[in-house]
Structure formats: structure tokens, C-alpha cells
>>> print(open('entry39.csv').read())   # CSV, C-alpha atoms and all ligand atoms
chain,number,residue,atom,x,y,z
M,1,MET,CA,-24.2,-35.8,52.8
M,2,SER,CA,-24.5,-32.5,51.0
M,3,ALA,CA,-26.6,-29.4,51.1
M,4,SER,CA,-30.4,-29.7,50.7
M,5,ALA,CA,-32.6,-28.5,47.8
M,6,GLU,CA,-33.8,-25.8,50.1
M,7,GLN,CA,-30.3,-24.6,50.7
M,8,TYR,CA,-29.6,-24.5,46.9
M,9,GLU,CA,-32.8,-22.6,46.4
M,10,GLU,CA,-31.9,-20.1,49.2
M,11,LEU,CA,-28.4,-19.5,47.7
M,12,ALA,CA,-29.9,-18.9,44.3
M,13,VAL,CA,-32.4,-16.4,45.9
M,14,ALA,CA,-29.5,-14.8,47.8
M,15,ASN,CA,-27.8,-14.1,44.4
M,16,ARG,CA,-31.0,-12.6,43.0
M,17,ILE,CA,-31.6,-10.4,46.1
M,18,LEU,CA,-28.0,-9.1,46.0
M,19,PHE,CA,-28.4,-8.2,42.3
M,20,ASP,CA,-31.9,-6.6,42.9
M,21,GLN,CA,-30.7,-4.6,45.8
M,22,GLU,CA,-27.7,-3.3,43.7
M,23,ILE,CA,-25.1,-4.8,45.9
M,24,VAL,CA,-23.6,-6.9,43.1
M,25,ASP,CA,-23.7,-6.1,39.3
M,26,GLY,CA,-22.4,-8.7,36.9
M,27,LEU,CA,-19.8,-9.7,39.4
M,28,GLY,CA,-19.7,-10.7,43.1
M,29,HIS,CA,-20.6,-14.0,44.8
M,30,VAL,CA,-22.2,-15.5,47.9
M,31,SER,CA,-21.5,-18.9,49.4
M,32,PHE,CA,-22.4,-21.1,52.4
M,33,ARG,CA,-20.5,-23.8,54.2
M,34,ASP,CA,-21.7,-27.4,54.1
M,35,PRO,CA,-23.6,-28.0,57.3
M,36,ASP,CA,-22.5,-31.7,57.3
M,37,ASP,CA,-18.9,-31.3,56.1
M,38,ALA,CA,-17.1,-28.2,57.3
M,39,SER,CA,-14.4,-28.6,54.7
M,40,ARG,CA,-16.8,-27.9,51.9
M,41,PHE,CA,-18.7,-24.9,50.7
M,42,TYR,CA,-21.3,-24.1,48.0
M,43,MET,CA,-21.3,-21.3,45.4
M,44,SER,CA,-22.6,-20.7,41.9
M,45,ARG,CA,-20.5,-21.5,38.9
M,46,ALA,CA,-19.0,-18.4,37.2
M,47,LEU,CA,-22.2,-16.5,36.3
M,48,ALA,CA,-23.7,-13.1,36.8
M,49,PRO,CA,-25.5,-13.2,40.2
M,50,GLY,CA,-28.8,-12.0,38.6
M,51,ARG,CA,-28.8,-15.2,36.5
M,52,VAL,CA,-28.0,-17.8,39.1
M,53,THR,CA,-30.5,-20.8,39.5
M,54,PRO,CA,-30.2,-23.7,41.9
M,55,ASP,CA,-28.8,-25.8,39.1
M,56,ASP,CA,-25.8,-23.5,38.8
M,57,ILE,CA,-24.6,-24.2,42.3
M,58,LEU,CA,-21.4,-26.3,42.8
M,59,ALA,CA,-19.6,-27.8,45.8
M,60,PHE,CA,-16.1,-26.7,46.5
M,61,ASP,CA,-13.4,-28.3,48.6
M,62,ALA,CA,-11.3,-26.7,51.4
M,63,SER,CA,-8.7,-25.6,48.8
M,64,GLY,CA,-11.3,-23.8,46.8
M,65,GLU,CA,-11.5,-26.2,43.9
M,66,PRO,CA,-14.8,-27.6,42.6
M,67,ILE,CA,-15.5,-31.1,43.6
M,68,ASP,CA,-17.3,-31.8,40.3
M,69,ALA,CA,-17.4,-28.8,38.0
M,70,ARG,CA,-19.4,-30.7,35.4
M,71,GLY,CA,-17.4,-28.8,32.7
M,72,ARG,CA,-18.4,-25.5,34.1
M,73,SER,CA,-16.2,-22.5,34.7
M,74,VAL,CA,-15.7,-21.2,38.3
M,75,TYR,CA,-15.1,-17.8,39.8
M,76,GLN,CA,-11.4,-16.7,39.9
M,77,GLU,CA,-11.9,-15.2,43.3
M,78,ARG,CA,-13.3,-18.4,44.9
M,79,PHE,CA,-10.2,-18.4,47.3
M,80,ILE,CA,-11.8,-15.5,49.2
M,81,HIS,CA,-14.3,-18.0,50.4
M,82,SER,CA,-12.1,-21.1,50.8
M,83,GLU,CA,-9.5,-19.3,52.9
M,84,ILE,CA,-12.0,-17.4,55.1
M,85,TYR,CA,-13.8,-20.7,55.8
M,86,ARG,CA,-10.4,-22.3,56.7
M,87,ALA,CA,-9.4,-19.4,59.0
M,88,ARG,CA,-12.9,-18.9,60.6
M,89,PRO,CA,-14.7,-22.0,61.8
M,90,ASP,CA,-17.5,-19.8,63.1
M,91,VAL,CA,-18.3,-18.5,59.6
M,92,GLN,CA,-21.1,-20.3,57.8
M,93,ALA,CA,-21.7,-17.9,54.9
M,94,ILE,CA,-19.8,-15.2,52.9
M,95,VAL,CA,-20.6,-12.4,50.4
M,96,HIS,CA,-18.0,-10.7,48.2
M,97,SER,CA,-19.2,-7.6,46.4
M,98,HIS,CA,-18.1,-4.4,44.8
M,99,SER,CA,-21.0,-2.5,46.4
M,100,PRO,CA,-20.3,1.0,45.1
M,101,THR,CA,-20.8,3.3,48.1
M,102,VAL,CA,-18.4,1.3,50.2
M,103,ILE,CA,-15.4,1.5,47.8
M,104,PRO,CA,-14.5,5.1,48.6
M,105,PHE,CA,-13.9,4.2,52.2
M,106,SER,CA,-11.3,1.7,51.0
M,107,VAL,CA,-9.3,4.4,49.1
M,108,THR,CA,-9.4,7.2,51.6
M,109,THR,CA,-8.8,7.7,55.3
M,110,ALA,CA,-12.6,8.3,55.9
M,111,PRO,CA,-13.5,5.9,58.7
M,112,MET,CA,-16.1,3.2,58.0
M,113,ARG,CA,-17.9,3.2,61.4
M,114,PRO,CA,-21.4,2.2,62.2
M,115,ILE,CA,-24.4,4.5,62.2
M,116,ARG,CA,-26.8,1.5,62.0
M,117,ALA,CA,-24.5,-1.4,61.0
M,118,ALA,CA,-23.9,-2.9,64.5
M,119,PHE,CA,-21.8,-5.7,63.0
M,120,PHE,CA,-19.0,-3.2,62.1
M,121,TYR,CA,-17.6,-3.8,65.6
M,122,PRO,CA,-14.8,-4.6,66.6
M,123,GLU,CA,-13.6,-2.8,63.5
M,124,VAL,CA,-13.7,-2.6,59.7
M,125,PRO,CA,-10.1,-3.5,58.5
M,126,ASN,CA,-8.9,-2.6,55.0
M,127,PHE,CA,-7.1,-5.3,52.9
M,128,GLU,CA,-4.2,-3.6,51.0
M,129,ILE,CA,-3.3,-6.2,48.4
M,130,ARG,CA,0.0,-4.3,47.6
M,131,ASP,CA,1.3,-5.1,51.0
M,132,VAL,CA,1.3,-8.8,50.3
M,133,ALA,CA,1.6,-9.1,46.5
M,134,GLY,CA,2.9,-5.8,45.0
M,135,TRP,CA,1.4,-4.9,41.7
M,136,THR,CA,-1.6,-7.0,40.9
M,137,ASN,CA,-4.9,-6.7,39.0
M,138,LEU,CA,-6.5,-6.6,42.5
M,139,LEU,CA,-8.2,-10.0,42.2
M,140,VAL,CA,-7.9,-12.4,45.1
M,141,LYS,CA,-7.2,-15.3,42.6
M,142,THR,CA,-4.8,-17.5,44.6
M,143,PRO,CA,-5.0,-19.3,48.0
M,144,GLU,CA,-2.2,-17.2,49.3
M,145,LEU,CA,-4.1,-14.0,48.5
M,146,GLY,CA,-7.2,-15.4,50.1
M,147,ALA,CA,-5.3,-16.3,53.2
M,148,ALA,CA,-3.9,-12.8,53.4
M,149,LEU,CA,-7.4,-11.4,53.1
M,150,ALA,CA,-8.6,-13.7,55.9
M,151,ARG,CA,-5.7,-12.5,58.1
M,152,THR,CA,-6.8,-8.9,57.6
M,153,LEU,CA,-10.4,-9.8,58.3
M,154,GLY,CA,-9.3,-11.4,61.6
M,155,SER,CA,-12.3,-11.9,63.9
M,156,ASN,CA,-14.3,-9.1,62.3
M,157,SER,CA,-17.6,-9.5,60.3
M,158,VAL,CA,-16.5,-7.3,57.4
M,159,ALA,CA,-13.3,-6.2,55.6
M,160,LEU,CA,-12.8,-3.6,52.9
M,161,MET,CA,-10.6,-4.5,49.9
M,162,ARG,CA,-8.8,-1.4,48.7
M,163,GLY,CA,-10.1,-0.1,45.4
M,164,HIS,CA,-12.0,-3.2,44.8
M,165,GLY,CA,-14.9,-4.1,47.2
M,166,ASN,CA,-15.6,-5.8,50.4
M,167,VAL,CA,-16.2,-9.1,52.1
M,168,VAL,CA,-19.0,-9.8,54.6
M,169,VAL,CA,-19.2,-13.0,56.8
M,170,GLY,CA,-21.9,-14.4,59.1
M,171,ARG,CA,-23.8,-17.3,60.6
M,172,ASP,CA,-26.1,-18.0,57.6
M,173,VAL,CA,-27.0,-16.8,54.1
M,174,PRO,CA,-29.8,-14.5,55.1
M,175,THR,CA,-27.5,-12.8,57.6
M,176,VAL,CA,-24.7,-12.1,55.2
M,177,VAL,CA,-27.1,-10.9,52.5
M,178,SER,CA,-28.7,-8.5,55.1
M,179,ARG,CA,-25.3,-7.4,56.3
M,180,ALA,CA,-24.1,-6.7,52.7
M,181,ILE,CA,-27.2,-4.5,52.1
M,182,LYS,CA,-26.8,-2.7,55.5
M,183,MET,CA,-23.1,-2.1,54.8
M,184,GLU,CA,-23.9,-0.3,51.6
M,185,ALA,CA,-26.7,1.6,53.4
M,186,ASP,CA,-24.3,2.6,56.2
M,187,ALA,CA,-21.8,3.9,53.7
M,188,ARG,CA,-24.5,6.2,52.2
M,189,LEU,CA,-25.5,7.4,55.7
M,190,ILE,CA,-21.9,8.3,56.6
M,191,LEU,CA,-21.6,10.3,53.4
M,192,GLN,CA,-24.9,12.1,54.1
M,193,ALA,CA,-24.0,12.8,57.7
M,194,THR,CA,-20.6,14.1,56.6
M,195,MET,CA,-22.3,16.5,54.1
M,196,LEU,CA,-24.3,17.9,57.1
M,197,GLY,CA,-21.0,18.7,58.7
M,198,GLY,CA,-19.7,18.4,62.3
M,199,PRO,CA,-18.7,15.3,64.1
M,200,ILE,CA,-20.8,12.1,63.6
M,201,THR,CA,-22.2,10.3,66.6
M,202,TYR,CA,-21.7,6.6,65.7
M,203,LEU,CA,-23.2,3.6,67.4
M,204,ALA,CA,-21.4,2.9,70.7
M,205,PRO,CA,-19.9,-0.5,71.1
M,206,GLU,CA,-22.4,-1.1,73.9
M,207,GLU,CA,-25.4,-0.2,71.7
M,208,ALA,CA,-24.0,-2.3,68.9
M,209,ALA,CA,-23.7,-5.3,71.2
M,210,LEU,CA,-27.3,-5.0,72.2
M,211,ILE,CA,-28.4,-4.7,68.6
M,212,GLU,CA,-26.4,-7.8,67.6
M,213,GLU,CA,-27.8,-9.7,70.6
M,214,MET,CA,-31.3,-9.0,69.3
M,215,ALA,CA,-30.4,-10.1,65.8
M,216,ALA,CA,-28.8,-13.3,67.1
M,217,ALA,CA,-32.0,-14.2,69.0
M,218,VAL,CA,-34.1,-14.3,65.9
M,219,THR,CA,-34.9,-17.8,64.9
M,220,ARG,CA,-35.1,-18.7,61.2
M,221,GLY,CA,-38.6,-19.7,60.1
M,222,SER,CA,-40.3,-17.4,62.5
M,223,GLU,CA,-42.1,-14.4,61.1
M,224,GLN,CA,-39.8,-11.9,62.9
M,225,ALA,CA,-38.1,-8.9,61.4
M,226,HIS,CA,-35.2,-10.8,59.8
M,227,ASP,CA,-37.5,-13.2,57.9
M,228,ARG,CA,-40.0,-10.6,57.0
M,229,THR,CA,-37.3,-8.5,55.3
M,230,TRP,CA,-35.8,-11.5,53.6
M,231,ASN,CA,-39.2,-12.6,52.2
M,232,MET,CA,-39.9,-9.1,51.0
M,233,TRP,CA,-36.5,-8.8,49.2
M,234,LYS,CA,-37.1,-12.3,47.7
M,235,GLU,CA,-40.5,-11.5,46.4
M,236,GLN,CA,-39.4,-8.3,44.8
M,237,ALA,CA,-36.2,-9.8,43.3
M,238,LEU,CA,-38.1,-12.7,41.8
M,239,ALA,CA,-41.0,-10.5,40.5
M,240,ARG,CA,-38.6,-8.3,38.6
M,241,ASN,CA,-36.3,-11.1,37.5
M,242,PRO,CA,-38.1,-14.5,37.5
M,243,MET,CA,-36.0,-17.5,38.3
M,301,MN,MN,-14.0,-8.9,43.3
>>> encode(input="entry39.csv", output="C-alpha cells", more="lines below")
Ligand code: MN
Amino acid sequence: MSASAEQYEELAVANRILFDQEIVDGLGHVSFRDPDDASRFYMSRALAPGRVTPDDILAFDASGEPIDARGRSVYQERFIHSEIYRARPDVQAIVHSHSPTVIPFSVTTAPMRPIRAAFFYPEVPNFEIRDVAGWTNLLVKTPELGAALARTLGSNSVALMRGHGNVVVGRDVPTVVSRAIKMEADARLILQATMLGGPITYLAPEEAALIEEMAAAVTRGSEQAHDRTWNMWKEQALARNPM
């Protein structure tokens, strides 16, 4: 068994949305775990996300290697995905991006806490690659570095990667795309609230739990908020940049 044509299509659309929403530029990637074989995941070949089509999607094994690359090159940072899937059986989809407003929080002591992004609880850890590998080019390009990032992520939904970007995990592709977009939005809100001065009133853990409970109750395929937003993002991304 393998992923369906609909899932390939959804992953290609996810790439297009992340590009259209300026979460990824020429770099960054999104993947999902095989629903029938938990040791496999799917991701585009090495390609700018704004160019990905269903035909570019490859299957990868648990060690992050393509099962049949068909002569195509693959992302160096695929071990972000393989090692998080290995460490987190609950995770079904992952986004890695360099979304710009989030990066300053990875290089300062400014706290990345939720104004609207309820999934920031329990916390937003920061992966310091120097702690595990000394001087590097910051790329998570080995299984060992991927495993170290997965340890930093722990049971959280997001992790910062110092001076580089972030990783977002969740239960399905629309959820991680939405979280990646909301994380960038929250970074902007924190900056704006900071400019106004004074202490910021962040979401309480109790409020965040209620918001997440509401998000988890939304069923895919229903025309509820989650789907409405996805369909709007999709329509806009494909109108501007036809697949
Ligand atoms: Mn990267």
C-alpha cells in the first residue's frame, strides 16, 4: 500500500500554499507519514516548494532515504522528517521552513509565546546545533542531527532552530500548513505588541487547551473553519501559480 493520488495532490498543494503565504521561499519542505506503513513518509524531491507537483513526490524510508528516487535528487535536510517521525509516533505531518519573522526569536532571548497560536504550549524549545555538533553550516543533514532536533522538540508541536528556521508538527498536512502560517503570524503579533510597550498578556494554557480542543474537533471534509481556510489558501495559491 502507499499514499493515494488525493494525498499526493494535497501535499503538492501544501507546498504551493506555503510558498504563496511566504512561509517558504526557494527552500523548506512539507511531508506526511504513510497512513498504511508508519515507517514511511512522503515528500517532494529537491525542488523549490512553489514548483512542486504530485509527480515530484517521493516515498522515503525510516532512515530518511528515498525508496525509489528515480534518479532524482532529494533534500539534504530530509533527516528532520525521518527522525521526528521515528521519535514521535503521534506525528503525521511536518513542515520545515525559514519563515522570516520567527527567526529573530531563535537568536535572542525574546520569548516565543502564544498570542493566538494555541499550539505553542507546552513550550517552544530552541534547537542549538552548536550544542550537539560544534561548528556546522546549520543544516540538519545527518540522522544524528535530526535525532538531536527531535530530542529538543520533545512532545511539543514546534521548535525553533537557532539562526535557521523552525519545524512544525501535527496530525495531518492541513494542520501543519495552518500552524506554520499561524506561527509566522504570531511572531509578527509579538513584535507589534512589544512595540506598543508594557507586558504582553499571552494566551493562558487553559485558553490554549480550549482552542486546541475546538481545532481537534473539526472533521476533514466538512465545511468548517479549518477547511474553509485551506480551500481559500489553495484557490489563491493555484490562481497565482497554476500547477
Ligand atoms: Mn533549512
>>> closest_atom_pairs(input="entry39.csv", of="region 59-99 of chain M", to="region 150-173 of chain M", cutoff="12 Å", atoms="all atoms listed in the file", output="JSON lines")
{"residue": "M:Glu77", "atom": "CA", "partner": "M:Val167", "partner_atom": "CA", "distance": 11.5}
{"residue": "M:Phe79", "atom": "CA", "partner": "M:Ala150", "partner_atom": "CA", "distance": 9.9}
{"residue": "M:Ile80", "atom": "CA", "partner": "M:Ala150", "partner_atom": "CA", "distance": 7.6}
{"residue": "M:His81", "atom": "CA", "partner": "M:Ala150", "partner_atom": "CA", "distance": 9.0}
{"residue": "M:Ser82", "atom": "CA", "partner": "M:Ala150", "partner_atom": "CA", "distance": 9.6}
{"residue": "M:Glu83", "atom": "CA", "partner": "M:Ala150", "partner_atom": "CA", "distance": 6.4}
{"residue": "M:Ile84", "atom": "CA", "partner": "M:Ala150", "partner_atom": "CA", "distance": 5.1}
{"residue": "M:Tyr85", "atom": "CA", "partner": "M:Ala150", "partner_atom": "CA", "distance": 8.7}
{"residue": "M:Arg86", "atom": "CA", "partner": "M:Ala150", "partner_atom": "CA", "distance": 8.8}
{"residue": "M:Ala87", "atom": "CA", "partner": "M:Ala150", "partner_atom": "CA", "distance": 6.5}
{"residue": "M:Arg88", "atom": "CA", "partner": "M:Ser155", "partner_atom": "CA", "distance": 7.8}
{"residue": "M:Pro89", "atom": "CA", "partner": "M:Arg171", "partner_atom": "CA", "distance": 10.3}
{"residue": "M:Asp90", "atom": "CA", "partner": "M:Arg171", "partner_atom": "CA", "distance": 7.2}
{"residue": "M:Val91", "atom": "CA", "partner": "M:Gly170", "partner_atom": "CA", "distance": 5.5}
{"residue": "M:Gln92", "atom": "CA", "partner": "M:Arg171", "partner_atom": "CA", "distance": 4.9}
{"residue": "M:Ala93", "atom": "CA", "partner": "M:Asp172", "partner_atom": "CA", "distance": 5.2}
{"residue": "M:Ile94", "atom": "CA", "partner": "M:Val169", "partner_atom": "CA", "distance": 4.5}
{"residue": "M:Val95", "atom": "CA", "partner": "M:Val168", "partner_atom": "CA", "distance": 5.2}
{"residue": "M:His96", "atom": "CA", "partner": "M:Val167", "partner_atom": "CA", "distance": 4.6}
{"residue": "M:Ser97", "atom": "CA", "partner": "M:Gly165", "partner_atom": "CA", "distance": 5.6}
{"residue": "M:His98", "atom": "CA", "partner": "M:Gly165", "partner_atom": "CA", "distance": 4.0}
{"residue": "M:Ser99", "atom": "CA", "partner": "M:Gly165", "partner_atom": "CA", "distance": 6.4}
>>> closest_residue(input="entry39.csv", among="M:Asp20, M:Glu206, M:Glu184, M:Asp227", to="Ile103 (chain M)", atoms="only C-alpha atoms")
M:Glu184
>>> atom_distance(input="entry39.csv", atom1="CA of Leu145 (chain M)", atom2="CA of His29 (chain M)")
16.9 Å
>>> closest_residue(input="entry39.csv", among="M:Asp56, M:Glu6, M:Glu235, M:Asp25", to="Pro100 (chain M)", atoms="all atoms listed in the file")
M:Asp25
>>> atom_distance(input="entry39.csv", atom1="CA of Gly28 (chain M)", atom2="CA of Met214 (chain M)")
28.7 Å
>>> closest_residue(input="entry39.csv", among="M:Ile67, M:Leu138, M:Ala38, M:Val30", to="ligand MN 301 (chain M)", atoms="only C-alpha atoms and all ligand atoms")
M:Leu138
>>> atom_distance(input="entry39.csv", atom1="CA of Phe119 (chain M)", atom2="CA of Ala147 (chain M)")
21.9 Å
>>> closest_residue(input="entry39.csv", among="M:Ala12, M:Val24, M:Leu191, M:Ile17", to="ligand MN 301 (chain M)", atoms="all atoms listed in the file")
M:Val24
>>> closest_residue(input="entry39.csv", among="M:Ala14, M:Ala216, M:Ile129, M:Ala59", to="Ser2 (chain M)", atoms="only C-alpha atoms")
M:Ala59
>>> closest_residue(input="entry39.csv", among="M:Ile200, M:Val176, M:Leu27, M:Ala215", to="ligand MN 301 (chain M)", atoms="all atoms listed in the file")
M:Leu27
>>> residues_around(input="entry39.csv", residues="Tyr75 (chain M)", least_positions_apart="4", cutoff="9 Å", atoms="only C-alpha atoms", output="PyMOL selection string")
chain M and resi 29+44-47+79+141
>>> residues_around(input="entry39.csv", residues="Ile211 (chain M)", least_positions_apart="3", cutoff="12 Å", atoms="all atoms listed in the file", output="PDB file with C-alpha atoms, in the coordinates of the input")
ATOM      1  CA  PRO M 114     -21.400   2.200  62.200  1.00  0.00           C
ATOM      2  CA  ILE M 115     -24.400   4.500  62.200  1.00  0.00           C
ATOM      3  CA  ARG M 116     -26.800   1.500  62.000  1.00  0.00           C
ATOM      4  CA  ALA M 117     -24.500  -1.400  61.000  1.00  0.00           C
ATOM      5  CA  ALA M 118     -23.900  -2.900  64.500  1.00  0.00           C
ATOM      6  CA  PHE M 119     -21.800  -5.700  63.000  1.00  0.00           C
ATOM      7  CA  PHE M 120     -19.000  -3.200  62.100  1.00  0.00           C
ATOM      8  CA  TYR M 121     -17.600  -3.800  65.600  1.00  0.00           C
ATOM      9  CA  LEU M 203     -23.200   3.600  67.400  1.00  0.00           C
ATOM     10  CA  ALA M 204     -21.400   2.900  70.700  1.00  0.00           C
ATOM     11  CA  PRO M 205     -19.900  -0.500  71.100  1.00  0.00           C
ATOM     12  CA  GLU M 206     -22.400  -1.100  73.900  1.00  0.00           C
ATOM     13  CA  GLU M 207     -25.400  -0.200  71.700  1.00  0.00           C
ATOM     14  CA  ALA M 208     -24.000  -2.300  68.900  1.00  0.00           C
ATOM     15  CA  MET M 214     -31.300  -9.000  69.300  1.00  0.00           C
ATOM     16  CA  ALA M 215     -30.400 -10.100  65.800  1.00  0.00           C
ATOM     17  CA  ALA M 216     -28.800 -13.300  67.100  1.00  0.00           C
ATOM     18  CA  ALA M 217     -32.000 -14.200  69.000  1.00  0.00           C
ATOM     19  CA  VAL M 218     -34.100 -14.300  65.900  1.00  0.00           C
TER      20      VAL M 218
END
>>> residues_around(input="entry39.csv", residues="region 8-10 of chain M", least_positions_apart="3", cutoff="8 Å", atoms="only C-alpha atoms", output="short mmCIF file (atom, residue, chain, number, x, y, z; two decimals) with C-alpha atoms, in the coordinates of the input")
data_model
loop_
_atom_site.label_atom_id
_atom_site.label_comp_id
_atom_site.auth_asym_id
_atom_site.auth_seq_id
_atom_site.Cartn_x
_atom_site.Cartn_y
_atom_site.Cartn_z
CA ALA M 3 -26.60 -29.40 51.10
CA SER M 4 -30.40 -29.70 50.70
CA ALA M 5 -32.60 -28.50 47.80
CA VAL M 13 -32.40 -16.40 45.90
CA ALA M 14 -29.50 -14.80 47.80
CA THR M 53 -30.50 -20.80 39.50
CA PRO M 54 -30.20 -23.70 41.90
CA ASP M 55 -28.80 -25.80 39.10
CA ILE M 57 -24.60 -24.20 42.30
CA VAL M 173 -27.00 -16.80 54.10
#
>>> build_atoms(input="entry39.csv", residues="region 135-159 of chain M", atoms="N, CA and C atoms", output="PDB file, keeping the file's coordinate frame")
ATOM      1  N   TRP M 135       2.315  -5.271  42.756  1.00  0.00           N
ATOM      2  CA  TRP M 135       1.400  -4.900  41.700  1.00  0.00           C
ATOM      3  C   TRP M 135       0.563  -6.072  41.247  1.00  0.00           C
ATOM      4  N   THR M 136      -0.731  -5.959  41.357  1.00  0.00           N
ATOM      5  CA  THR M 136      -1.600  -7.000  40.900  1.00  0.00           C
ATOM      6  C   THR M 136      -2.793  -6.389  40.151  1.00  0.00           C
ATOM      7  N   ASN M 137      -3.677  -7.223  39.606  1.00  0.00           N
ATOM      8  CA  ASN M 137      -4.900  -6.700  39.000  1.00  0.00           C
ATOM      9  C   ASN M 137      -6.025  -6.601  40.072  1.00  0.00           C
ATOM     10  N   LEU M 138      -5.638  -6.705  41.358  1.00  0.00           N
ATOM     11  CA  LEU M 138      -6.500  -6.600  42.500  1.00  0.00           C
ATOM     12  C   LEU M 138      -7.369  -7.812  42.822  1.00  0.00           C
ATOM     13  N   LEU M 139      -7.342  -8.799  41.922  1.00  0.00           N
ATOM     14  CA  LEU M 139      -8.200 -10.000  42.200  1.00  0.00           C
ATOM     15  C   LEU M 139      -7.528 -10.916  43.177  1.00  0.00           C
ATOM     16  N   VAL M 140      -8.342 -11.446  44.074  1.00  0.00           N
ATOM     17  CA  VAL M 140      -7.900 -12.400  45.100  1.00  0.00           C
ATOM     18  C   VAL M 140      -8.019 -13.796  44.369  1.00  0.00           C
ATOM     19  N   LYS M 141      -7.025 -14.110  43.522  1.00  0.00           N
ATOM     20  CA  LYS M 141      -7.200 -15.300  42.600  1.00  0.00           C
ATOM     21  C   LYS M 141      -6.242 -16.414  42.959  1.00  0.00           C
ATOM     22  N   THR M 142      -5.620 -16.372  44.165  1.00  0.00           N
ATOM     23  CA  THR M 142      -4.800 -17.500  44.600  1.00  0.00           C
ATOM     24  C   THR M 142      -5.130 -17.793  46.085  1.00  0.00           C
ATOM     25  N   PRO M 143      -4.836 -19.026  46.532  1.00  0.00           N
ATOM     26  CA  PRO M 143      -5.000 -19.300  48.000  1.00  0.00           C
ATOM     27  C   PRO M 143      -4.216 -18.426  48.859  1.00  0.00           C
ATOM     28  N   GLU M 144      -3.021 -18.037  48.431  1.00  0.00           N
ATOM     29  CA  GLU M 144      -2.200 -17.200  49.300  1.00  0.00           C
ATOM     30  C   GLU M 144      -2.821 -15.805  49.473  1.00  0.00           C
ATOM     31  N   LEU M 145      -3.400 -15.257  48.405  1.00  0.00           N
ATOM     32  CA  LEU M 145      -4.100 -14.000  48.500  1.00  0.00           C
ATOM     33  C   LEU M 145      -5.332 -14.097  49.399  1.00  0.00           C
ATOM     34  N   GLY M 146      -6.033 -15.196  49.240  1.00  0.00           N
ATOM     35  CA  GLY M 146      -7.200 -15.400  50.100  1.00  0.00           C
ATOM     36  C   GLY M 146      -6.835 -15.524  51.541  1.00  0.00           C
ATOM     37  N   ALA M 147      -5.720 -16.207  51.832  1.00  0.00           N
ATOM     38  CA  ALA M 147      -5.300 -16.300  53.200  1.00  0.00           C
ATOM     39  C   ALA M 147      -4.864 -14.987  53.786  1.00  0.00           C
ATOM     40  N   ALA M 148      -4.249 -14.152  52.960  1.00  0.00           N
ATOM     41  CA  ALA M 148      -3.900 -12.800  53.400  1.00  0.00           C
ATOM     42  C   ALA M 148      -5.096 -11.968  53.729  1.00  0.00           C
ATOM     43  N   LEU M 149      -6.108 -12.076  52.879  1.00  0.00           N
ATOM     44  CA  LEU M 149      -7.400 -11.400  53.100  1.00  0.00           C
ATOM     45  C   LEU M 149      -7.997 -11.867  54.436  1.00  0.00           C
ATOM     46  N   ALA M 150      -7.987 -13.174  54.643  1.00  0.00           N
ATOM     47  CA  ALA M 150      -8.600 -13.700  55.900  1.00  0.00           C
ATOM     48  C   ALA M 150      -7.806 -13.243  57.098  1.00  0.00           C
ATOM     49  N   ARG M 151      -6.488 -13.057  56.982  1.00  0.00           N
ATOM     50  CA  ARG M 151      -5.700 -12.500  58.100  1.00  0.00           C
ATOM     51  C   ARG M 151      -6.128 -11.079  58.416  1.00  0.00           C
ATOM     52  N   THR M 152      -6.334 -10.288  57.358  1.00  0.00           N
ATOM     53  CA  THR M 152      -6.800  -8.900  57.600  1.00  0.00           C
ATOM     54  C   THR M 152      -8.181  -8.873  58.183  1.00  0.00           C
ATOM     55  N   LEU M 153      -9.069  -9.737  57.727  1.00  0.00           N
ATOM     56  CA  LEU M 153     -10.400  -9.800  58.300  1.00  0.00           C
ATOM     57  C   LEU M 153     -10.357 -10.135  59.790  1.00  0.00           C
ATOM     58  N   GLY M 154      -9.447 -11.025  60.160  1.00  0.00           N
ATOM     59  CA  GLY M 154      -9.300 -11.400  61.600  1.00  0.00           C
ATOM     60  C   GLY M 154     -10.628 -11.936  62.107  1.00  0.00           C
ATOM     61  N   SER M 155     -11.026 -11.452  63.271  1.00  0.00           N
ATOM     62  CA  SER M 155     -12.300 -11.900  63.900  1.00  0.00           C
ATOM     63  C   SER M 155     -13.448 -11.013  63.586  1.00  0.00           C
ATOM     64  N   ASN M 156     -13.272 -10.080  62.655  1.00  0.00           N
ATOM     65  CA  ASN M 156     -14.300  -9.100  62.300  1.00  0.00           C
ATOM     66  C   ASN M 156     -15.379  -9.733  61.388  1.00  0.00           C
ATOM     67  N   SER M 157     -16.481  -8.990  61.176  1.00  0.00           N
ATOM     68  CA  SER M 157     -17.600  -9.500  60.300  1.00  0.00           C
ATOM     69  C   SER M 157     -17.446  -8.941  58.881  1.00  0.00           C
ATOM     70  N   VAL M 158     -16.655  -7.883  58.697  1.00  0.00           N
ATOM     71  CA  VAL M 158     -16.500  -7.300  57.400  1.00  0.00           C
ATOM     72  C   VAL M 158     -15.061  -6.828  57.181  1.00  0.00           C
ATOM     73  N   ALA M 159     -14.626  -6.810  55.924  1.00  0.00           N
ATOM     74  CA  ALA M 159     -13.300  -6.200  55.600  1.00  0.00           C
ATOM     75  C   ALA M 159     -13.510  -5.456  54.270  1.00  0.00           C
TER      76      ALA M 159
END
